[in-house]
Each structure stands twice: as C-alpha cells, then as structure tokens.
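The structure file my_file12.pdb is reproduced below (PDB, C-alpha atoms).
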MODEL        1
ATOM      1  CA  TYR A   1     137.353 110.228  80.959  1.00  0.00           C
ATOM      2  CA  GLU A   2     134.644 111.085  78.385  1.00  0.00           C
ATOM      3  CA  LEU A   3     133.730 107.395  78.237  1.00  0.00           C
ATOM      4  CA  GLN A   4     133.353 107.326  82.034  1.00  0.00           C
ATOM      5  CA  GLU A   5     131.097 110.400  81.933  1.00  0.00           C
ATOM      6  CA  ILE A   6     128.890 108.694  79.311  1.00  0.00           C
ATOM      7  CA  ASP A   7     128.873 105.429  81.301  1.00  0.00           C
ATOM      8  CA  SER A   8     127.795 107.332  84.428  1.00  0.00           C
ATOM      9  CA  GLN A   9     124.865 108.845  82.542  1.00  0.00           C
ATOM     10  CA  ILE A  10     123.977 105.451  81.063  1.00  0.00           C
ATOM     11  CA  ASP A  11     124.035 103.933  84.568  1.00  0.00           C
ATOM     12  CA  ARG A  12     121.707 106.695  85.832  1.00  0.00           C
ATOM     13  CA  PHE A  13     119.191 106.181  83.029  1.00  0.00           C
ATOM     14  CA  GLU A  14     119.312 102.388  83.377  1.00  0.00           C
ATOM     15  CA  SER A  15     118.763 102.777  87.123  1.00  0.00           C
ATOM     16  CA  ASP A  16     115.674 104.940  86.422  1.00  0.00           C
ATOM     17  CA  LEU A  17     114.372 102.367  83.939  1.00  0.00           C
ATOM     18  CA  ALA A  18     114.837  99.579  86.518  1.00  0.00           C
ATOM     19  CA  ARG A  19     113.386 101.628  89.413  1.00  0.00           C
ATOM     20  CA  MET A  20     110.108 102.813  87.869  1.00  0.00           C
ATOM     21  CA  PRO A  21     108.524  99.357  87.310  1.00  0.00           C
ATOM     22  CA  LEU A  22     109.426  98.431  90.909  1.00  0.00           C
ATOM     23  CA  GLU A  23     107.668 101.553  92.211  1.00  0.00           C
ATOM     24  CA  VAL A  24     104.605 100.743  90.089  1.00  0.00           C
ATOM     25  CA  GLN A  25     104.654  97.138  91.394  1.00  0.00           C
ATOM     26  CA  ASP A  26     104.955  98.388  94.971  1.00  0.00           C
ATOM     27  CA  ILE A  27     101.786 100.514  94.657  1.00  0.00           C
ATOM     28  CA  ALA A  28      99.995  97.654  92.852  1.00  0.00           C
ATOM     29  CA  ARG A  29     100.966  95.279  95.696  1.00  0.00           C
ATOM     30  CA  ASN A  30      99.559  97.767  98.238  1.00  0.00           C
ATOM     31  CA  LEU A  31      96.306  97.853  96.244  1.00  0.00           C
ATOM     32  CA  VAL A  32      96.038  94.045  96.249  1.00  0.00           C
ATOM     33  CA  THR A  33      96.770  93.893  99.997  1.00  0.00           C
ATOM     34  CA  LEU A  34      94.186  96.597 100.759  1.00  0.00           C
ATOM     35  CA  ARG A  35      91.581  94.888  98.561  1.00  0.00           C
ATOM     36  CA  ARG A  36      92.157  91.589 100.404  1.00  0.00           C
ATOM     37  CA  GLU A  37      92.056  93.263 103.848  1.00  0.00           C
ATOM     38  CA  THR A  38      88.865  95.162 102.944  1.00  0.00           C
ATOM     39  CA  SER A  39      87.248  91.952 101.701  1.00  0.00           C
ATOM     40  CA  GLU A  40      88.212  90.123 104.924  1.00  0.00           C
ATOM     41  CA  SER A  41      86.883  92.998 107.066  1.00  0.00           C
ATOM     42  CA  GLN A  42      83.653  93.019 105.022  1.00  0.00           C
ATOM     43  CA  GLU A  43      83.189  89.265 105.555  1.00  0.00           C
ATOM     44  CA  ARG A  44      83.866  89.664 109.276  1.00  0.00           C
ATOM     45  CA  LEU A  45      81.378  92.568 109.465  1.00  0.00           C
ATOM     46  CA  GLU A  46      78.676  90.453 107.805  1.00  0.00           C
ATOM     47  CA  GLN A  47      79.334  87.659 110.326  1.00  0.00           C
ATOM     48  CA  VAL A  48      79.272  90.100 113.279  1.00  0.00           C
ATOM     49  CA  GLU A  49      75.991  91.656 112.071  1.00  0.00           C
ATOM     50  CA  LYS A  50      74.501  88.172 111.682  1.00  0.00           C
ATOM     51  CA  ASP A  51      75.635  87.234 115.222  1.00  0.00           C
ATOM     52  CA  LEU A  52      74.284  90.555 116.504  1.00  0.00           C
ATOM     53  CA  ARG A  53      70.822  89.944 115.016  1.00  0.00           C
ATOM     54  CA  ARG A  54      70.775  86.443 116.555  1.00  0.00           C
ATOM     55  CA  LYS A  55      71.850  87.782 119.974  1.00  0.00           C
ATOM     56  CA  GLU A  56      69.215  90.547 119.829  1.00  0.00           C
ATOM     57  CA  GLN A  57      66.556  87.913 119.096  1.00  0.00           C
ATOM     58  CA  ASP A  58      67.870  85.778 122.005  1.00  0.00           C
ATOM     59  CA  LEU A  59      67.751  88.833 124.275  1.00  0.00           C
ATOM     60  CA  ALA A  60      64.181  89.714 123.261  1.00  0.00           C
ATOM     61  CA  SER A  61      63.135  86.086 123.821  1.00  0.00           C
ATOM     62  CA  GLU A  62      64.830  85.979 127.254  1.00  0.00           C
ATOM     63  CA  GLN A  63      63.246  89.296 128.307  1.00  0.00           C
ATOM     64  CA  GLU A  64      59.831  88.018 127.211  1.00  0.00           C
ATOM     65  CA  LYS A  65      60.344  84.866 129.334  1.00  0.00           C
ATOM     66  CA  ILE A  66      61.311  87.032 132.338  1.00  0.00           C
ATOM     67  CA  LYS A  67      58.153  89.178 131.915  1.00  0.00           C
ATOM     68  CA  ARG A  68      55.958  86.084 131.729  1.00  0.00           C
ATOM     69  CA  SER A  69      57.578  84.632 134.846  1.00  0.00           C
ATOM     70  CA  GLU A  70      57.206  87.943 136.727  1.00  0.00           C
ATOM     71  CA  ARG A  71      53.479  88.085 135.813  1.00  0.00           C
ATOM     72  CA  ARG A  72      53.058  84.517 137.048  1.00  0.00           C
ATOM     73  CA  LEU A  73      54.835  85.431 140.298  1.00  0.00           C
ATOM     74  CA  LEU A  74      52.072  87.911 141.132  1.00  0.00           C
ATOM     75  CA  GLY A  75      49.429  85.169 141.115  1.00  0.00           C
ATOM     76  CA  ILE A  76      51.322  82.505 143.108  1.00  0.00           C
ATOM     77  CA  ARG A  77      50.388  81.993 146.753  1.00  0.00           C
ATOM     78  CA  ASN A  78      52.455  78.866 147.422  1.00  0.00           C
ATOM     79  CA  GLN A  79      55.857  79.829 148.958  1.00  0.00           C
ATOM     80  CA  LYS A  80      57.698  76.873 147.414  1.00  0.00           C
ATOM     81  CA  GLU A  81      56.472  77.676 143.906  1.00  0.00           C
ATOM     82  CA  HIS A  82      57.138  81.367 144.519  1.00  0.00           C
ATOM     83  CA  ASN A  83      60.772  80.647 145.489  1.00  0.00           C
ATOM     84  CA  ALA A  84      61.295  78.353 142.483  1.00  0.00           C
ATOM     85  CA  LEU A  85      59.863  80.936 140.078  1.00  0.00           C
ATOM     86  CA  SER A  86      61.907  83.737 141.738  1.00  0.00           C
ATOM     87  CA  ARG A  87      65.096  81.732 141.126  1.00  0.00           C
ATOM     88  CA  GLU A  88      64.002  81.247 137.512  1.00  0.00           C
ATOM     89  CA  VAL A  89      63.499  85.024 137.103  1.00  0.00           C
ATOM     90  CA  LYS A  90      66.868  85.745 138.722  1.00  0.00           C
ATOM     91  CA  LEU A  91      68.623  83.242 136.433  1.00  0.00           C
ATOM     92  CA  GLY A  92      66.804  84.680 133.415  1.00  0.00           C
ATOM     93  CA  LYS A  93      67.990  88.203 134.302  1.00  0.00           C
ATOM     94  CA  LYS A  94      71.574  86.944 134.637  1.00  0.00           C
ATOM     95  CA  VAL A  95      71.361  85.276 131.204  1.00  0.00           C
ATOM     96  CA  ALA A  96      69.807  88.452 129.738  1.00  0.00           C
ATOM     97  CA  SER A  97      72.633  90.538 131.234  1.00  0.00           C
ATOM     98  CA  GLU A  98      75.261  88.265 129.650  1.00  0.00           C
ATOM     99  CA  ILE A  99      73.500  88.492 126.272  1.00  0.00           C
ATOM    100  CA  GLU A 100      73.387  92.311 126.614  1.00  0.00           C
ATOM    101  CA  ASP A 101      77.163  92.337 127.207  1.00  0.00           C
ATOM    102  CA  SER A 102      77.671  90.206 124.083  1.00  0.00           C
ATOM    103  CA  VAL A 103      75.403  92.542 122.093  1.00  0.00           C
ATOM    104  CA  LEU A 104      77.442  95.570 123.220  1.00  0.00           C
ATOM    105  CA  GLU A 105      80.733  93.839 122.289  1.00  0.00           C
ATOM    106  CA  LEU A 106      79.386  92.903 118.853  1.00  0.00           C
ATOM    107  CA  MET A 107      78.048  96.451 118.289  1.00  0.00           C
ATOM    108  CA  THR A 108      81.472  97.903 119.193  1.00  0.00           C
ATOM    109  CA  GLU A 109      83.237  95.445 116.877  1.00  0.00           C
ATOM    110  CA  ALA A 110      80.801  96.205 114.038  1.00  0.00           C
ATOM    111  CA  GLU A 111      81.384  99.956 114.484  1.00  0.00           C
ATOM    112  CA  ASN A 112      85.181  99.493 114.470  1.00  0.00           C
ATOM    113  CA  LEU A 113      84.983  97.286 111.374  1.00  0.00           C
ATOM    114  CA  LYS A 114      82.844  99.873 109.543  1.00  0.00           C
ATOM    115  CA  THR A 115      85.332 102.627 110.422  1.00  0.00           C
ATOM    116  CA  GLY A 116      88.238 100.431 109.290  1.00  0.00           C
ATOM    117  CA  ILE A 117      86.516  99.548 106.003  1.00  0.00           C
ATOM    118  CA  GLU A 118      85.800 103.223 105.253  1.00  0.00           C
ATOM    119  CA  ARG A 119      89.446 104.105 105.966  1.00  0.00           C
ATOM    120  CA  LYS A 120      90.696 101.263 103.763  1.00  0.00           C
ATOM    121  CA  GLN A 121      88.360 102.346 100.958  1.00  0.00           C
ATOM    122  CA  ARG A 122      89.751 105.906 101.144  1.00  0.00           C
ATOM    123  CA  GLU A 123      93.318 104.521 101.116  1.00  0.00           C
ATOM    124  CA  TYR A 124      92.431 102.295  98.158  1.00  0.00           C
ATOM    125  CA  ALA A 125      91.083 105.274  96.188  1.00  0.00           C
ATOM    126  CA  GLN A 126      94.292 107.218  96.935  1.00  0.00           C
ATOM    127  CA  PHE A 127      96.497 104.276  95.910  1.00  0.00           C
ATOM    128  CA  GLU A 128      94.530 103.990  92.641  1.00  0.00           C
ATOM    129  CA  LYS A 129      95.274 107.667  91.911  1.00  0.00           C
ATOM    130  CA  ASP A 130      98.930 107.145  92.865  1.00  0.00           C
ATOM    131  CA  LEU A 131      99.150 104.099  90.602  1.00  0.00           C
ATOM    132  CA  LEU A 132      97.783 105.998  87.591  1.00  0.00           C
ATOM    133  CA  ALA A 133     100.184 108.892  88.265  1.00  0.00           C
ATOM    134  CA  LYS A 134     103.143 106.525  88.720  1.00  0.00           C
ATOM    135  CA  LYS A 135     102.295 104.640  85.502  1.00  0.00           C
ATOM    136  CA  ALA A 136     102.195 107.932  83.586  1.00  0.00           C
ATOM    137  CA  GLU A 137     105.508 108.966  85.173  1.00  0.00           C
ATOM    138  CA  ALA A 138     107.025 105.549  84.335  1.00  0.00           C
ATOM    139  CA  GLN A 139     105.974 105.888  80.679  1.00  0.00           C
ATOM    140  CA  SER A 140     107.456 109.386  80.510  1.00  0.00           C
ATOM    141  CA  VAL A 141     110.723 108.271  82.181  1.00  0.00           C
ATOM    142  CA  GLU A 142     110.926 105.197  79.938  1.00  0.00           C
ATOM    143  CA  SER A 143     110.394 107.248  76.812  1.00  0.00           C
ATOM    144  CA  SER A 144     112.991 109.930  77.677  1.00  0.00           C
ATOM    145  CA  ALA A 145     115.493 107.423  79.159  1.00  0.00           C
ATOM    146  CA  THR A 146     115.293 105.154  76.105  1.00  0.00           C
ATOM    147  CA  ALA A 147     115.917 108.094  73.763  1.00  0.00           C
ATOM    148  CA  ALA A 148     118.823 109.306  75.921  1.00  0.00           C
ATOM    149  CA  LEU A 149     120.312 105.795  76.142  1.00  0.00           C
ATOM    150  CA  ASN A 150     120.202 105.388  72.359  1.00  0.00           C
ATOM    151  CA  GLU A 151     122.070 108.676  71.934  1.00  0.00           C
ATOM    152  CA  LEU A 152     124.596 107.875  74.699  1.00  0.00           C
ATOM    153  CA  THR A 153     125.204 104.382  73.306  1.00  0.00           C
ATOM    154  CA  ALA A 154     126.013 105.901  69.910  1.00  0.00           C
ATOM    155  CA  GLN A 155     128.435 108.383  71.567  1.00  0.00           C
ATOM    156  CA  LYS A 156     130.020 105.559  73.557  1.00  0.00           C
ATOM    157  CA  LYS A 157     130.552 103.504  70.400  1.00  0.00           C
ATOM    158  CA  LYS A 158     132.378 106.399  68.747  1.00  0.00           C
ATOM    159  CA  ILE A 159     134.751 106.679  71.707  1.00  0.00           C
ATOM    160  CA  THR A 160     135.309 102.932  72.221  1.00  0.00           C
ATOM    161  CA  ASP A 161     136.023 102.450  68.491  1.00  0.00           C
ATOM    162  CA  GLY A 162     138.955 104.859  68.869  1.00  0.00           C
ATOM    163  CA  LEU A 163     140.412 103.200  72.002  1.00  0.00           C
ATOM    164  CA  ASP A 164     143.009 100.454  72.247  1.00  0.00           C
ATOM    165  CA  THR A 165     141.205  97.145  73.065  1.00  0.00           C
ATOM    166  CA  ASP A 166     143.589  96.186  75.914  1.00  0.00           C
ATOM    167  CA  PHE A 167     143.186  99.637  77.454  1.00  0.00           C
ATOM    168  CA  LEU A 168     139.392  99.377  77.065  1.00  0.00           C
ATOM    169  CA  LYS A 169     139.375  95.928  78.756  1.00  0.00           C
ATOM    170  CA  ARG A 170     141.329  97.362  81.720  1.00  0.00           C
ATOM    171  CA  TYR A 171     138.856 100.258  81.896  1.00  0.00           C
ATOM    172  CA  GLU A 172     135.828  97.862  81.912  1.00  0.00           C
ATOM    173  CA  THR A 173     137.438  95.570  84.549  1.00  0.00           C
ATOM    174  CA  ILE A 174     138.256  98.435  86.930  1.00  0.00           C
ATOM    175  CA  LYS A 175     134.851 100.081  86.390  1.00  0.00           C
ATOM    176  CA  LYS A 176     133.084  96.798  87.170  1.00  0.00           C
ATOM    177  CA  VAL A 177     134.996  96.432  90.461  1.00  0.00           C
ATOM    178  CA  ARG A 178     135.072 100.059  91.658  1.00  0.00           C
ATOM    179  CA  GLY A 179     132.177 101.680  89.808  1.00  0.00           C
ATOM    180  CA  TYR A 180     134.591 104.113  88.140  1.00  0.00           C
ATOM    181  CA  ALA A 181     137.914 103.713  86.330  1.00  0.00           C
ATOM    182  CA  VAL A 182     139.256 107.212  85.721  1.00  0.00           C
ATOM    183  CA  ALA A 183     140.099 109.703  88.472  1.00  0.00           C
ATOM    184  CA  GLU A 184     141.957 113.016  88.498  1.00  0.00           C
ATOM    185  CA  LEU A 185     145.362 113.218  90.147  1.00  0.00           C
ATOM    186  CA  LYS A 186     145.496 116.260  92.479  1.00  0.00           C
ATOM    187  CA  ASN A 187     148.741 117.232  94.227  1.00  0.00           C
ATOM    188  CA  GLY A 188     150.129 113.716  93.853  1.00  0.00           C
ATOM    189  CA  THR A 189     146.949 112.091  95.310  1.00  0.00           C
ATOM    190  CA  CYS A 190     144.209 110.086  93.572  1.00  0.00           C
ATOM    191  CA  SER A 191     140.950 112.065  93.921  1.00  0.00           C
ATOM    192  CA  ALA A 192     138.881 108.842  94.008  1.00  0.00           C
ATOM    193  CA  CYS A 193     140.717 106.526  96.441  1.00  0.00           C
ATOM    194  CA  HIS A 194     142.900 109.232  98.131  1.00  0.00           C
ATOM    195  CA  MET A 195     146.084 107.197  97.740  1.00  0.00           C
ATOM    196  CA  ALA A 196     149.345 109.074  97.295  1.00  0.00           C
ATOM    197  CA  ILE A 197     150.903 108.334  93.910  1.00  0.00           C
ATOM    198  CA  PRO A 198     154.725 108.305  93.890  1.00  0.00           C
ATOM    199  CA  PRO A 199     156.243 110.904  91.477  1.00  0.00           C
ATOM    200  CA  GLN A 200     158.006 108.155  89.497  1.00  0.00           C
ATOM    201  CA  ALA A 201     154.606 106.522  88.757  1.00  0.00           C
TER
ENDMDL
END
Write-out of the structure in structure tokens:
Amino acid sequence: YELQEIDSQIDRFESDLARMPLEVQDIARNLVTLRRETSESQERLEQVEKDLRRKEQDLASEQEKIKRSERRLLGIRNQKEHNALSREVKLGKKVASEIEDSVLELMTEAENLKTGIERKQREYAQFEKDLLAKKAEAQSVESSATAALNELTAQKKKITDGLDTDFLKRYETIKKVRGYAVAELKNGTCSACHMAIPPQA
C-alpha cells in the first residue's frame, strides 16, 4: 500500500514534467502562427495600398479626361460631334464611378487589415509574456519535481528491496493494467472495483 502511494506521487510528478514542455510548446506554436499571419496580413496590406494608389491615379486621370471633354463640349456647334463627345463623357463618368467603387473597397480592406494587424500584434505581445511566465513556471516545476522524484525513488527502492519478487511482479502487472494494484476491502467489497469478495477468499 505504501508502495502504491509512492507510485501515485511519482506518476503525478512525472505527469507534471511531461505536461509543462507541451504547454510551453503550445504557446510557442501560437507565437509562430501569429507571426506568420501578421506577416501575411502585412504583405497583403502593402499590396492593397499599392493597388489603391494606382486606382487613385487612374481615377484622377479619368476625371481629368472628363473635365477636358466637358470643356470641349461647350465649344462644339456640330450636333453629331456633340453627341459623340457626350457619349464619351457619359462613358468616362461610368468608368470613374467603377474606379471609385474599387477605391472604396480597397480602402475598407486596408482599414480592416490594419485593425487585424494591430490586434495580432497585441496578441503576440501577450503570448510573449505568457511564454516567459510559462518557461519560468516549467523551470520551477522541473526543479521541484526532479527533487521530489529523487526522494520518492529512494523511498520506493527501500520498500521494493523488502518485498518478495513474485509479489512485486504481480503488483507491477496489475498496476500497469488498472493504474492501481492495492485497494481496501470494506464490508466484503473491493473499494476500487466494487466487486463482492466471498468470505472464504
């Protein structure tokens, strides 16, 4: 029973030792993912801003063409030329309107990307803090768990040295299968598996 108590403590400490690096890795993975996502968003933002500048130049050029055509319209007396130039102005305004829509879409996307990048940067800073804290916690847990395991292993050796080897093998086999090997008998019932034990046993 004492051996089982020690083994339970050993299992707990070993579980802590196995868990802490996984938690550190999990935060580190989040940092890598966020860094990649931020980088991708930054690249996309640069592309959107480039497209936006080009579209704004296209819009300014189109509006300038419309103004020139409208000024020319004032001086034309020929109906045929007037109609042709009017169609040109109308088409120019339609093109300008489409460019304006594209500009608005790009501006909205750029704004959303900037907001997303700022949020990711805040998350990244928080994850960095969490990672440092978790690393410190992992070192502390590792240090105390290692010391405790050394002491428990020494106690276990003292007990196992005094046990019959066949009995110890049975203990190890049952513990491996069930997770425990010793249970108290209460009112003729096993307290672990709740089976009734016959009085003759």
Task: Distance query Ile6 in chain A at most 10 Å, all atoms listed in the file, self and fewer than 5 positions along chain excluded, as an NGL selection string - done: :A and (1 or 11-12 or 149 or 152-153 or 155-156 or 159)
For the PyMOL selection byres ((chain A and resi 17-21) around 9), applied here, can you spell out every residue it catches as a PDB file with C-alpha atoms, in the coordinates of the input?
ATOM      1  CA  ARG A  12     121.707 106.695  85.832  1.00  0.00           C
ATOM      2  CA  PHE A  13     119.191 106.181  83.029  1.00  0.00           C
ATOM      3  CA  GLU A  14     119.312 102.388  83.377  1.00  0.00           C
ATOM      4  CA  SER A  15     118.763 102.777  87.123  1.00  0.00           C
ATOM      5  CA  ASP A  16     115.674 104.940  86.422  1.00  0.00           C
ATOM      6  CA  LEU A  22     109.426  98.431  90.909  1.00  0.00           C
ATOM      7  CA  GLU A  23     107.668 101.553  92.211  1.00  0.00           C
ATOM      8  CA  VAL A  24     104.605 100.743  90.089  1.00  0.00           C
ATOM      9  CA  GLN A  25     104.654  97.138  91.394  1.00  0.00           C
ATOM     10  CA  ASP A  26     104.955  98.388  94.971  1.00  0.00           C
ATOM     11  CA  LYS A 134     103.143 106.525  88.720  1.00  0.00           C
ATOM     12  CA  LYS A 135     102.295 104.640  85.502  1.00  0.00           C
ATOM     13  CA  GLU A 137     105.508 108.966  85.173  1.00  0.00           C
ATOM     14  CA  ALA A 138     107.025 105.549  84.335  1.00  0.00           C
ATOM     15  CA  GLN A 139     105.974 105.888  80.679  1.00  0.00           C
ATOM     16  CA  VAL A 141     110.723 108.271  82.181  1.00  0.00           C
ATOM     17  CA  GLU A 142     110.926 105.197  79.938  1.00  0.00           C
ATOM     18  CA  ALA A 145     115.493 107.423  79.159  1.00  0.00           C
ATOM     19  CA  THR A 146     115.293 105.154  76.105  1.00  0.00           C
TER      20      THR A 146
END
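Compared by their closest atoms to Gln47 in chain A, and using all atoms listed in the file, the residues A:Glu62, A:Leu31, A:Leu113, A:Glu81 rank with A:Leu113 nearest.
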Task: Residues selected by the PyMOL selection byres ((chain A and resi 37) around 12), written as JSON, numbers by chain - done: {"A": [30, 31, 32, 33, 34, 35, 36, 38, 39, 40, 41, 42, 43, 44, 113, 116, 117, 118, 119, 120, 121, 123, 124]}
- [ ] Any chance you could resolve the PyMOL selection byres ((chain A and resi 171) around 12) against this file and give the residues as a PyMOL selection string?
- [x] chain A and resi 1+3-4+7+160+163-170+172-183
Once 6 Å is added on each side, what centre and edge lengths in Å to one decimal does the axis-aligned box around all listed atoms of range 33-43 of chain A have, as AutoDock Vina command-line options?
--center_x 90.0 --center_y 92.9 --center_z 102.8 --size_x 25.6 --size_y 19.3 --size_z 20.5
Task: Nearest residue to Lys50 in chain A from the set A:Ala133, A:Ala110, A:Ala201, A:Glu70 (distances using only C-alpha atoms) - done: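 Nearest to Lys50 in chain A: A:Ala110.
Contact shell of Glu64 in chain A at 12 Å (only C-alpha atoms; same-chain neighbours under 4 positions omitted): Gln57, Asp58, Leu59, Ala60, Arg68, Ser69, Glu70, Arg71, Val89, Gly92, Lys93 and Ala96 of chain A.
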Task: Between CA of Val103 in chain A and CA of Glu56 in chain A - distance in Å to one decimal - done: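 CA of Glu56 in chain A sits 6.9 Å away from CA of Val103 in chain A.
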Task: Between CA of Leu85 in chain A and CA of Ile66 in chain A, distance in Å (one decimal) - done: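 Computing the Euclidean distance for CA of Leu85 in chain A and CA of Ile66 in chain A yields 10.0 Å.
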Open item on the list: Just the number, please: distance in Å from CA of Ser86 in chain A to CA of Glu100 in chain A, one decimal.
Closed with: 20.8 Å
